[in-house]
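Okay, so here's the structure we're looking at.
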Amino acid sequence: MALLEARGINVRFGGHMAVIEADIEVDAGRITGLIGPNGAGKTTLFNVLTGLQTPVSGKVALNGIDITRFAPHERSQRGMARTFQRIELFGSLTARENLQVAAEIKRTWGGATATPEDRVDAAIELIGLTAVADRRADVLSTGQARLVELGRALVTQPKVLLLDEPASGLDADETEAFAVLLEKLAKSGLAILIVEHDIPLVMRVCERICVLDLGRVIASGLPEDVRRDQKVIEAYLGAPAEAGR
Amino acid sequence: MENFLLFTIFGLVLAAIYAVAASGLVVTYTTTGIFNFAHGAVGMIGAYVFWQLHVGWGVPMLLAVLIVLLVVAPLMGLLIDRVIMRGLEDVSEVTKVVVSIGLLFGLIALAPIIWSPKKGYAQQSFFGANRITILGAGVTYHQITAIVIAIVVAIGLRLFLFKTRTGVSMRAVVDNRSLARLNGAKPSRASSFSWALGCSLAALAGILIQERIGFDALALTFLVVNAYAAAVVGRLTSLPYTFLGAIILGLTQSYAQGYIKDNPSWLPDGIDLATPLRLAIPVILLFITLLLLPNAPLRTHGLQRSRESVARPTWPRALTGFGVLVLAVSLISGFLDQGDLLGWSRGIALAIIMLSLVPLTGYGGQISLAQMSFAGIGAFVMAHWGATGSPVGLVAAVVVSGAVGALVALPALRLRGIYLALATLAFSYFVDKVVFQQRAFVAGGSIAVERLHFGPIMFDTNRSYMILLSIVFSIVGAGVVFLRLGPFGRRLQAMKDSPAACATLGLNLTRTKMQVFILSAAIAGLGGAMLAGVQQAAQVDDYNALNNLPILLMAVAGGIALVSGALFGGLIYASFSIIVKHTPPFDIMGIDGKVFVADLLALAPALIGISLGRNPNGAVADMSARFRGAWHRYRVERESHTVPPSPQSISQSIDLETLGVDRAFTVEDLAIIDAALDLDEDLVSTASAGASRSWNGD
């Protein structure tokens with residue numbers, strides 16, 4: 001059974017169905033990709049998984065427990081962490097303090113083993129931001145800010161990590177380093193779900209890929225299968241095309 | 001049965017007026033995102049202008065109404081939009097609220113200056129006293145007109161918002177301002193129009209309601225404030241639900257006034273429930289509605305480069321500051337006369353109350369408009385349990401006001417910030433009208449309180465009490481600094497920056513808000529008890545609902561996220577009455593100069609509040625930034641004589657994008673520039689890394 005599982009998710013914004021009957025599974029130790037054109041409903045589905053958006057219907061389960069009605073903080077306390085497409089750093093705090101707050105929040109609810117400071121230092125080193133750790137978060141570059149968000153999510157020691165467009169704003173070298181970091185995290189047993197427009201990166205790191213279009217899951221499976229899927233090609237190119245072959 | 005019918009009709013009339021007022025509020029809020037706390041005050045001004053035109057200048061009634069609705073009120077709306085509200089796009093919700101609170105306070109202060117309360121203002125009724133009888137109940141034409149107007153407003157708004165180009169573009173602007181602009185809508189025109197329309201509706205409600213309650217600036221303002229409850233039923237956005245809310249509110253209030261007559265016999269003497277209950281129905285309904293509202297979804301808004309930022313406190317600076325304060329007060333108090341001692345002491349006591357807003361609003365981003373009410377509760381608890389100046393009373397004041405704070409916050413904290421502001425405003429009105437009217441509790445509005453003593457150590461002289469106040473301020477201030485520098489302070493700051501991110505990190509937002517709200521109410525209670533000591537009496541008038549407004553305004557003016565800002569706000573506020581006292585009698589154009597100065601200073605908190613859109617960080621941060629800037633220029637100038645840094649090397653070493661050439665410089669920016677000027681390579685390369693620029697050492 002998958003660590004994080006969503007079944008039959010429907011989300012409505014007024015008269016518009018943003019997500020329709022979507023299913024998704026995220027396994028431990030594996031990177032799962034969630035791709036699709038702009039407006040496909042990826043971030044909305046992320047918000048449903050993390051509790052920021054209430055679905056009209058559908059079920060979300062973490063570790064076999066139904067968490068559909070859980071508040072965001074209760075899901076986080078059960079091992080879920082995320083980053084945001086539009087960066088949600090604590091702008092008036094430094095990069096280090098962003099991680100420190102997360103570690104301190106974690107201490108209020110979870111029996112943390114290491115002291116917050118140790119975990120913060122380790123995470124800053126892991127994401128490679130020691131040099132800018134003491135700068136205010138709102139003056140960091142987009143790439144640095146995304147890494148800080150990742151580090152902040154990691155210090156809560158999650159079981160499932162949801163990353164919303166983590167590589168946008170990174171240059172080629174940074175993306176490469178980021179891919180290596182992701183694989184390392186997955187190897188440690190973390191379940192990772194990643195929304196990303198950088199398809200080469202997704203194809204490289206993901207073991208499973210789920211494709212959303214107009215709110216529906218149109219394909220799901222191994223990268224090579226998804227790549228050849230006719231519906232996926234149409235969704236991305238807007239018409240039946242040979243270009244994908 | 002006849003009575004019931006009568007109460008129903010009265011209720012519907014009231015409902016009609018509330019509906020008109022509330023729909024104006026909703027129209028402005030949905031189009032501009034600004035909840036206009038001054039809506040009721042605009043209605044009040046509208047009613048007075050109508051009186052001026054019709055009674056004062058003899059304009060026929062219908063023409064007077066039309067001039068107010070089609071000329072005066074829309075102009076007010078345009079003025080509010082263009083002069084005050086524009087430019088509030090990149091400030092926090094707190095600043096938006098404070099600016100409209102400033103306007104509310106300003107209009108309430110302005111009305112009695114133009115229309116002296118000493119004169120009589122006869123209530124004006126449409127069609128005179130004509131009435132018809134419906135099923136045995138006499139109903140005036142004015143009342144029927146009110147109901148007809150509400151129906152016309154409901155249908156008119158619906159048609160306008162859905163069938164006209166302007167209306168549709170107003171709705172589009174709500175959803176997405178920049179997208180609407182791309183599609184040809186003009187957001188600025190839509191917002192101007194919604195302000196004009198909102199003010200017109202407010203004025204209409206004001207004109208309709210004056211027939212019932214007469215011309216009293218405060219009563220008129222707060223009656224339209226009752227309409228908030230109706231708007232909250234519509235979650236501030238839905239017009240049909242707002243009308244439904246207005247009907248529930250109007251009917252309940254009318255039945256309450258009709259049927260709640262006498263106090264039950266089991267109530268002890270000195271406790272009156274019936275009168276206040278009749279008055280407090282809208283507030284009670286507002287609280288019930290807040291309890292029933294579903295949890296607000298957490299919205300993500302991205303990292304915002306707000307203009308608002310203040311330096312974090314440091315212990316050396318804070319302790320020096322507190323030391324200087326106590327020393328300065330000890331020395332200066334020796335030269336002040338008794339009146340001034342009391343005046344400045346009052347300022348420091350108010351500063352303690354304002355200090356309660358620093359963790360709540362400054363750090364945590366939550367708005368309370370009830371700090372003076374908590375202070376009042378603290379004062380009267382002190383009067384009951386510490387009337388002899390016993391510290392036990394002070395402890396009780398802190399505990400009880402903190403506990404009451406928990407009760408108030410409970411229904412509102414699940415919801416977005418604006419609802420907390422509303423709930424606290426309603427609560428302060430409730431405390432004013434219900435709690436502070438109980439003879440058993442406040443005995444005629446004033447209870448003697450002796451000044452504090454700790455065993456044999458007395459603070460009974462004005463001077464020693466002022467020194468004690470400065471010490472108490474310093475202790476509480478140090479506590480607030482301690483909080484800011486610790487985990488809880490960081491958490492509050494994080495919650496203010498991004499509640500959504502906090503929740504996904506496992507933070508229970510409601511509990512955190514509750515903790516800080518209780519702390520804040522407790523500090524306010526302490527300040528209130530100390531304030532009672534200044535006058536040696538707990539007086540109801542000091543803690544009335546209206547007094548909450550300047551407290552918030554002056555605290556934000558000083559700097560809501562700074563301990564020194566609270567002190568600054570308290571002292572400036574106290575200085576107003578001291579200035580009036582020392583103003584020599586003079587005469588300008590037949591106006592008594594002293595009265596003129598007093599009027600001007602009564603408007604001062606409002607003007608300061610309204611101007612905060614321009615400088616949201618407050619006076620203390622502004623002054624200190626200016627001082628640092630000057631000091632920095634001086635240093636650069638001095639150093640430039642030894643090592644002149646070439647302009648090129650500076651611009652290369654500083655990442656102009658991260659420094660934000662398009663926003664105000666912050667302390668952090670200056671630090672980066674400092675580092676760059678010192679040519680510290682580590683920091684320089686860090687600063688330029690963001691834009692992938694390489695550091696050229698030459």
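Identifiers in this document derive from the order of the structure tokens: chains are assigned A, B, ..., residues are numbered from 1 separately in each chain, and ligands are numbered from 1 in order of occurrence.
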| Please, which residues of chain A lie no more than 9 Å from chain B when the count uses only C-alpha atoms, and can they be set out as a VMD selection string? | chain A and resid 50 to 54 71 to 78 80 to 93 97 to 98 100 to 106 108 to 109 131 to 132 135 to 144 152 to 153 156
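Neighbours of range 37-48 of chain A closer than or equal to 7 Å, with only C-alpha atoms counted and sequence neighbours fewer than 5 positions away skipped, come out as Ala18, Val19, Gln53, Thr54, Pro55, Val195, Leu212, Asp213, Leu214, Gly215 and Tyr236 of chain A.
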Keeping C-alpha atoms for every residue in the selection just given, could you write it to a file as a CSV table (one decimal), in the first residue's frame?
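Dumped to out_5.csv:
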```csv
chain,number,residue,atom,x,y,z
A,18,ALA,CA,-10.5,22.2,-10.9
A,19,VAL,CA,-9.8,18.5,-10.1
A,53,GLN,CA,-8.0,22.9,0.1
A,54,THR,CA,-11.1,21.0,1.0
A,55,PRO,CA,-12.3,18.7,-1.8
A,195,VAL,CA,5.3,19.0,-9.4
A,212,LEU,CA,-3.0,15.8,-15.0
A,213,ASP,CA,-4.9,17.7,-17.7
A,214,LEU,CA,-8.0,19.9,-17.1
A,215,GLY,CA,-8.3,18.4,-13.7
A,236,TYR,CA,1.2,19.1,-24.0
```
| task | Write down as a ChimeraX atom specification the residues belonging to range 42-268 of chain B that are assigned strand (DSSP E) by DSSP computed on the backbone. | result | /B:131-134,137-140
| message | From a backbone DSSP assignment, name each residue in range 395-624 of chain B labelled alpha helix (DSSP H), as a VMD selection string. | response | chain B and resid 395 to 412 417 to 433 439 to 442 462 to 485 487 to 497 499 to 504 509 to 535 548 to 559 563 to 582 593 to 610 619 to 624
Now that the selection is made, can you save its residues with C-alpha atoms as a compact mmCIF listing (two decimals), in the first residue's frame?
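This went into again_31.txt:
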```
# COMPACT_ATOMS: atom_id res chain seq x y z
CA VAL B 395 -2.14 40.05 39.86
CA ALA B 396 -5.91 39.54 39.78
CA ALA B 397 -6.24 42.24 37.12
CA VAL B 398 -3.72 40.43 34.93
CA VAL B 399 -5.35 37.03 35.43
CA VAL B 400 -8.96 38.12 34.93
CA SER B 401 -8.31 40.22 31.82
CA GLY B 402 -6.26 37.39 30.34
CA ALA B 403 -9.12 34.96 30.99
CA VAL B 404 -11.69 37.31 29.45
CA GLY B 405 -9.33 37.67 26.48
CA ALA B 406 -9.47 33.92 25.97
CA LEU B 407 -13.29 33.98 25.93
CA VAL B 408 -13.43 36.78 23.37
CA ALA B 409 -10.83 35.32 21.07
CA LEU B 410 -12.23 31.82 21.00
CA PRO B 411 -14.88 32.37 18.33
CA ALA B 412 -12.84 34.65 16.11
CA GLY B 417 -7.66 38.68 10.76
CA ILE B 418 -10.43 41.09 9.85
CA TYR B 419 -12.98 39.02 11.80
CA LEU B 420 -10.88 39.24 14.93
CA ALA B 421 -10.79 43.00 14.55
CA LEU B 422 -14.58 43.01 14.16
CA ALA B 423 -15.18 40.66 17.06
CA THR B 424 -12.99 42.72 19.36
CA LEU B 425 -14.69 45.95 18.30
CA ALA B 426 -18.06 44.33 19.04
CA PHE B 427 -16.75 43.07 22.36
CA SER B 428 -15.54 46.51 23.37
CA TYR B 429 -18.99 47.89 22.59
CA PHE B 430 -20.53 45.09 24.65
CA VAL B 431 -18.25 45.80 27.61
CA ASP B 432 -19.09 49.46 27.33
CA LYS B 433 -22.85 48.98 27.15
CA ARG B 439 -23.85 49.28 39.29
CA ALA B 440 -22.67 46.17 41.10
CA PHE B 441 -19.41 46.27 39.19
CA VAL B 442 -18.63 49.90 38.56
CA ASN B 462 2.69 61.59 41.95
CA ARG B 463 6.39 61.56 41.31
CA SER B 464 7.15 58.17 42.86
CA TYR B 465 4.18 56.67 41.03
CA MET B 466 5.48 58.01 37.73
CA ILE B 467 8.85 56.40 38.40
CA LEU B 468 7.07 53.15 39.30
CA LEU B 469 5.22 53.33 35.98
CA SER B 470 8.48 53.69 34.08
CA ILE B 471 9.85 50.66 35.93
CA VAL B 472 6.74 48.59 35.19
CA PHE B 473 6.90 49.63 31.54
CA SER B 474 10.55 48.57 31.43
CA ILE B 475 9.86 45.20 33.02
CA VAL B 476 6.97 44.41 30.69
CA GLY B 477 8.97 45.81 27.77
CA ALA B 478 11.90 43.56 28.63
CA GLY B 479 9.46 40.63 28.72
CA VAL B 480 8.24 41.53 25.25
CA VAL B 481 11.83 41.78 23.95
CA PHE B 482 12.60 38.43 25.54
CA LEU B 483 9.57 36.97 23.79
CA ARG B 484 10.61 38.42 20.43
CA LEU B 485 14.09 36.97 20.62
CA PRO B 487 11.13 30.67 19.91
CA PHE B 488 7.64 32.03 20.57
CA GLY B 489 8.54 35.40 19.05
CA ARG B 490 10.00 33.73 16.00
CA ARG B 491 6.85 31.65 15.66
CA LEU B 492 4.64 34.75 15.84
CA GLN B 493 6.75 36.48 13.22
CA ALA B 494 6.52 33.38 11.02
CA MET B 495 2.74 33.22 11.51
CA LYS B 496 2.45 36.83 10.40
CA ASP B 497 4.59 36.25 7.30
CA PRO B 499 0.14 31.32 8.13
CA ALA B 500 -0.13 28.67 5.40
CA ALA B 501 3.52 27.72 5.65
CA CYS B 502 3.27 27.59 9.45
CA ALA B 503 0.32 25.22 9.28
CA THR B 504 2.10 22.89 6.87
CA LEU B 509 -2.41 28.42 14.37
CA THR B 510 -5.49 28.75 16.55
CA ARG B 511 -3.63 27.76 19.68
CA THR B 512 -0.73 30.08 18.90
CA LYS B 513 -3.05 33.01 18.24
CA MET B 514 -4.92 32.18 21.43
CA GLN B 515 -1.72 32.22 23.49
CA VAL B 516 -0.64 35.59 22.20
CA PHE B 517 -4.14 37.03 22.52
CA ILE B 518 -4.33 35.99 26.17
CA LEU B 519 -0.89 37.42 26.83
CA SER B 520 -1.88 40.65 25.15
CA ALA B 521 -5.15 40.97 27.09
CA ALA B 522 -3.23 40.32 30.31
CA ILE B 523 -0.71 43.08 29.57
CA ALA B 524 -3.58 45.44 28.74
CA GLY B 525 -5.24 44.53 32.06
CA LEU B 526 -2.02 45.34 33.89
CA GLY B 527 -1.78 48.67 32.07
CA GLY B 528 -5.39 49.44 32.92
CA ALA B 529 -4.85 48.73 36.60
CA MET B 530 -1.77 50.97 36.56
CA LEU B 531 -3.74 53.70 34.78
CA ALA B 532 -6.39 53.58 37.52
CA GLY B 533 -3.57 54.25 39.98
CA VAL B 534 -2.67 57.48 38.19
CA GLN B 535 -6.07 59.05 38.86
CA ASN B 548 -9.79 51.67 21.79
CA LEU B 549 -9.28 53.43 18.51
CA PRO B 550 -6.60 55.99 19.45
CA ILE B 551 -4.80 53.25 21.39
CA LEU B 552 -4.35 51.21 18.23
CA LEU B 553 -3.71 54.29 16.09
CA MET B 554 -1.04 55.73 18.34
CA ALA B 555 0.64 52.36 18.89
CA VAL B 556 0.90 51.85 15.15
CA ALA B 557 2.02 55.45 14.70
CA GLY B 558 4.88 54.92 17.14
CA GLY B 559 5.76 51.57 15.59
CA VAL B 563 8.62 48.42 22.40
CA SER B 564 9.92 51.96 21.96
CA GLY B 565 7.08 52.56 19.53
CA ALA B 566 4.53 51.88 22.28
CA LEU B 567 6.29 54.33 24.61
CA PHE B 568 6.43 56.93 21.87
CA GLY B 569 2.73 56.43 21.08
CA GLY B 570 1.70 56.69 24.74
CA LEU B 571 3.71 59.81 25.41
CA ILE B 572 2.61 61.60 22.24
CA TYR B 573 -1.02 60.79 23.01
CA ALA B 574 -0.65 62.11 26.56
CA SER B 575 1.12 65.22 25.30
CA PHE B 576 -2.04 66.33 23.46
CA SER B 577 -3.94 67.15 26.63
CA ILE B 578 -0.81 68.62 28.22
CA ILE B 579 -0.37 70.92 25.22
CA VAL B 580 -4.00 72.03 25.46
CA LYS B 581 -3.52 72.71 29.16
CA HIS B 582 -0.50 74.91 28.53
CA GLY B 593 -7.75 79.52 20.41
CA LYS B 594 -7.71 76.98 23.20
CA VAL B 595 -10.78 75.26 21.77
CA PHE B 596 -9.19 75.39 18.33
CA VAL B 597 -6.01 73.70 19.55
CA ALA B 598 -8.05 71.09 21.41
CA ASP B 599 -10.09 70.34 18.28
CA LEU B 600 -6.96 70.08 16.20
CA LEU B 601 -5.37 67.66 18.66
CA ALA B 602 -8.56 65.61 18.88
CA LEU B 603 -8.13 65.01 15.16
CA ALA B 604 -4.41 64.27 15.48
CA PRO B 605 -4.60 60.50 16.11
CA ALA B 606 -6.87 60.19 13.09
CA LEU B 607 -4.56 62.17 10.83
CA ILE B 608 -1.60 60.15 12.06
CA GLY B 609 -3.50 56.91 11.45
CA ILE B 610 -4.59 57.92 7.96
CA ALA B 619 7.76 56.98 13.76
CA VAL B 620 10.48 55.34 15.84
CA ALA B 621 11.69 53.09 13.02
CA ASP B 622 11.55 56.00 10.62
CA MET B 623 13.56 58.30 12.86
CA SER B 624 16.13 55.63 13.61
```
| field | Glu224 in chain A surroundings by only C-alpha atoms, 10 Å radius, close-in-sequence under 3 positions cut, as a list in words | value | Met203, Glu207, Arg208, Ile209, Gly221, Arg227, Arg228 and Asp229 of chain A
May I have the residues from that selection written out with N, CA and C atoms, as a PDB file, in the first residue's frame?
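Everything below was put into again-v2.pdb:
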```pdb
ATOM      1  N   MET A 203      11.807  13.353 -15.835  1.00  0.00           N
ATOM      2  CA  MET A 203      12.078  12.056 -16.461  1.00  0.00           C
ATOM      3  C   MET A 203      13.295  11.392 -15.824  1.00  0.00           C
ATOM      4  N   GLU A 207      10.445   7.859 -10.578  1.00  0.00           N
ATOM      5  CA  GLU A 207      10.224   6.451 -10.891  1.00  0.00           C
ATOM      6  C   GLU A 207       8.805   6.228 -11.385  1.00  0.00           C
ATOM      7  N   ARG A 208       7.896   7.092 -10.941  1.00  0.00           N
ATOM      8  CA  ARG A 208       6.512   7.035 -11.403  1.00  0.00           C
ATOM      9  C   ARG A 208       6.120   8.456 -11.803  1.00  0.00           C
ATOM     10  N   ILE A 209       5.241   8.556 -12.787  1.00  0.00           N
ATOM     11  CA  ILE A 209       4.763   9.873 -13.193  1.00  0.00           C
ATOM     12  C   ILE A 209       3.256   9.844 -13.356  1.00  0.00           C
ATOM     13  N   GLY A 221       2.093   6.147 -14.509  1.00  0.00           N
ATOM     14  CA  GLY A 221       2.900   4.947 -14.656  1.00  0.00           C
ATOM     15  C   GLY A 221       4.377   5.257 -14.765  1.00  0.00           C
ATOM     16  N   ARG A 227       5.734   8.945 -21.343  1.00  0.00           N
ATOM     17  CA  ARG A 227       6.337   9.723 -22.421  1.00  0.00           C
ATOM     18  C   ARG A 227       5.694   9.374 -23.769  1.00  0.00           C
ATOM     19  N   ARG A 228       5.338   8.099 -23.944  1.00  0.00           N
ATOM     20  CA  ARG A 228       4.804   7.661 -25.236  1.00  0.00           C
ATOM     21  C   ARG A 228       3.284   7.770 -25.309  1.00  0.00           C
ATOM     22  N   ASP A 229       2.665   8.067 -24.181  1.00  0.00           N
ATOM     23  CA  ASP A 229       1.199   8.086 -24.136  1.00  0.00           C
ATOM     24  C   ASP A 229       0.638   9.156 -25.067  1.00  0.00           C
TER      25      ASP A 229
END
```
| said: With only C-alpha atoms as the counted atoms, please give the residues lying no more than 8 Å from Ser57 in chain A, apart from itself and same-chain residues fewer than 5 positions off, as JSON, numbers by chain. | reply: {"A": [8, 9, 10, 11]}
| message | Which residues are close to range 203-217 of chain B, i.e. within 9 Å by only C-alpha atoms, leaving aside same-chain residues fewer than 3 positions away? Reply as a PyMOL selection string. | response | chain B and resi 14+16-21+39-48+50-51+65+68-69+73+107-109+111-112+117+120-126+142-143+145-146+198-200+220-224
| query | Separation of CA of Leu546 in chain B and CA of Tyr255 in chain B, in Å? | reply |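 Between these atoms lies a distance of 27.6 Å.
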| field | Residue nearest Leu360 in chain B among B:Leu612, B:Ile84, B:Leu63, B:Ala561 (counting only C-alpha atoms) | value | B:Ala561
| message | So the first atom is CA of Asn547 in chain B and the second is CA of Arg86 in chain B; what is the distance between them in Å, to one decimal place? | response |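 Interatomic distance, CA of Asn547 in chain B to CA of Arg86 in chain B: 27.0 Å.
Nearest residue to Thr133 in chain B among B:Pro268, B:Tyr634, B:Leu6, B:Ser100 is B:Leu6, counting only C-alpha atoms.
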| said: Calculated over only C-alpha atoms, which of the candidates A:Glu25, A:Arg69, A:Ile35, A:Val155 has the smallest distance to Ile199 in chain A? | reply: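 Using only C-alpha atoms, the shortest distance to Ile199 in chain A belongs to A:Ile35.
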| message | For Leu161 in chain A, find every residue with an atom within 10 Å (counting only C-alpha atoms), except residues of its own chain fewer than 5 positions away, and show them as an MDAnalysis selection string. | response | chainID A and resid 26 28 31 79:83 150 153:154 185:186 190:194
Those same residues - C-alpha atoms - I'd like them written as a short mmCIF file (atom, residue, chain, number, x, y, z; two decimals), in the first residue's frame.
```
data_model
loop_
_atom_site.label_atom_id
_atom_site.label_comp_id
_atom_site.auth_asym_id
_atom_site.auth_seq_id
_atom_site.Cartn_x
_atom_site.Cartn_y
_atom_site.Cartn_z
CA VAL A 26 3.12 8.25 -3.41
CA ALA A 28 8.17 5.53 0.36
CA ILE A 31 10.15 10.04 -6.31
CA GLY A 79 4.78 13.30 8.66
CA MET A 80 3.81 15.47 5.73
CA ALA A 81 5.82 18.50 4.58
CA ARG A 82 5.68 20.66 1.50
CA THR A 83 7.08 23.59 -0.42
CA LEU A 150 13.10 22.58 1.01
CA ALA A 153 10.36 21.20 5.13
CA LEU A 154 13.17 18.74 5.85
CA LEU A 185 16.62 11.97 -0.03
CA ALA A 186 14.54 9.28 -1.73
CA LEU A 190 11.47 9.53 2.03
CA ALA A 191 8.38 9.50 -0.19
CA ILE A 192 8.62 12.45 -2.58
CA LEU A 193 5.93 13.95 -4.80
CA ILE A 194 7.16 16.62 -7.15
#
```
| query | Excluding same-chain residues fewer than 5 positions from Thr361 in chain B, what lies within 9 Å of it counting only C-alpha atoms, as an NGL selection string? | reply | :B and (94 or 356 or 366-368 or 496 or 560-561)
Generate the output file for the selected residues, N, CA and C atoms, as a PDB file, in the first residue's frame.
```pdb
ATOM      1  N   VAL B  94      -2.932  44.827   8.743  1.00  0.00           N
ATOM      2  CA  VAL B  94      -2.973  45.679   9.928  1.00  0.00           C
ATOM      3  C   VAL B  94      -3.002  47.148   9.511  1.00  0.00           C
ATOM      4  N   SER B 356       0.784  46.087  24.890  1.00  0.00           N
ATOM      5  CA  SER B 356       0.087  44.811  24.737  1.00  0.00           C
ATOM      6  C   SER B 356      -0.148  44.489  23.266  1.00  0.00           C
ATOM      7  N   GLN B 366      -2.106  40.058  14.384  1.00  0.00           N
ATOM      8  CA  GLN B 366      -3.527  39.980  14.740  1.00  0.00           C
ATOM      9  C   GLN B 366      -3.983  41.350  15.254  1.00  0.00           C
ATOM     10  N   ILE B 367      -5.191  41.737  14.860  1.00  0.00           N
ATOM     11  CA  ILE B 367      -5.638  43.071  15.233  1.00  0.00           C
ATOM     12  C   ILE B 367      -6.682  43.000  16.338  1.00  0.00           C
ATOM     13  N   SER B 368      -6.472  43.775  17.388  1.00  0.00           N
ATOM     14  CA  SER B 368      -7.483  43.861  18.435  1.00  0.00           C
ATOM     15  C   SER B 368      -7.922  45.303  18.607  1.00  0.00           C
ATOM     16  N   LYS B 496       2.841  35.601  11.080  1.00  0.00           N
ATOM     17  CA  LYS B 496       2.446  36.829  10.399  1.00  0.00           C
ATOM     18  C   LYS B 496       2.865  36.782   8.927  1.00  0.00           C
ATOM     19  N   ILE B 560       4.338  49.625  15.637  1.00  0.00           N
ATOM     20  CA  ILE B 560       3.597  48.559  16.304  1.00  0.00           C
ATOM     21  C   ILE B 560       4.485  47.367  16.654  1.00  0.00           C
ATOM     22  N   ALA B 561       5.625  47.228  15.973  1.00  0.00           N
ATOM     23  CA  ALA B 561       6.474  46.078  16.254  1.00  0.00           C
ATOM     24  C   ALA B 561       7.630  46.441  17.181  1.00  0.00           C
TER      25      ALA B 561
END
```
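The space between CA of Leu5 in chain B and CA of Leu279 in chain B spans 21.0 Å.
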| note | Using only C-alpha atoms, the residue out of A:His197, A:Arg119, A:Arg216, A:Lys159 with shortest distance to Ala2 in chain A is A:Lys159
| query | Given the choices B:Asp460, B:Ala351, B:Ser373, B:Ala625, which gets closest to Asp541 in chain B if the distance is worked out from only C-alpha atoms? | reply |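 Closest to Asp541 in chain B of all the choices is B:Ser373.
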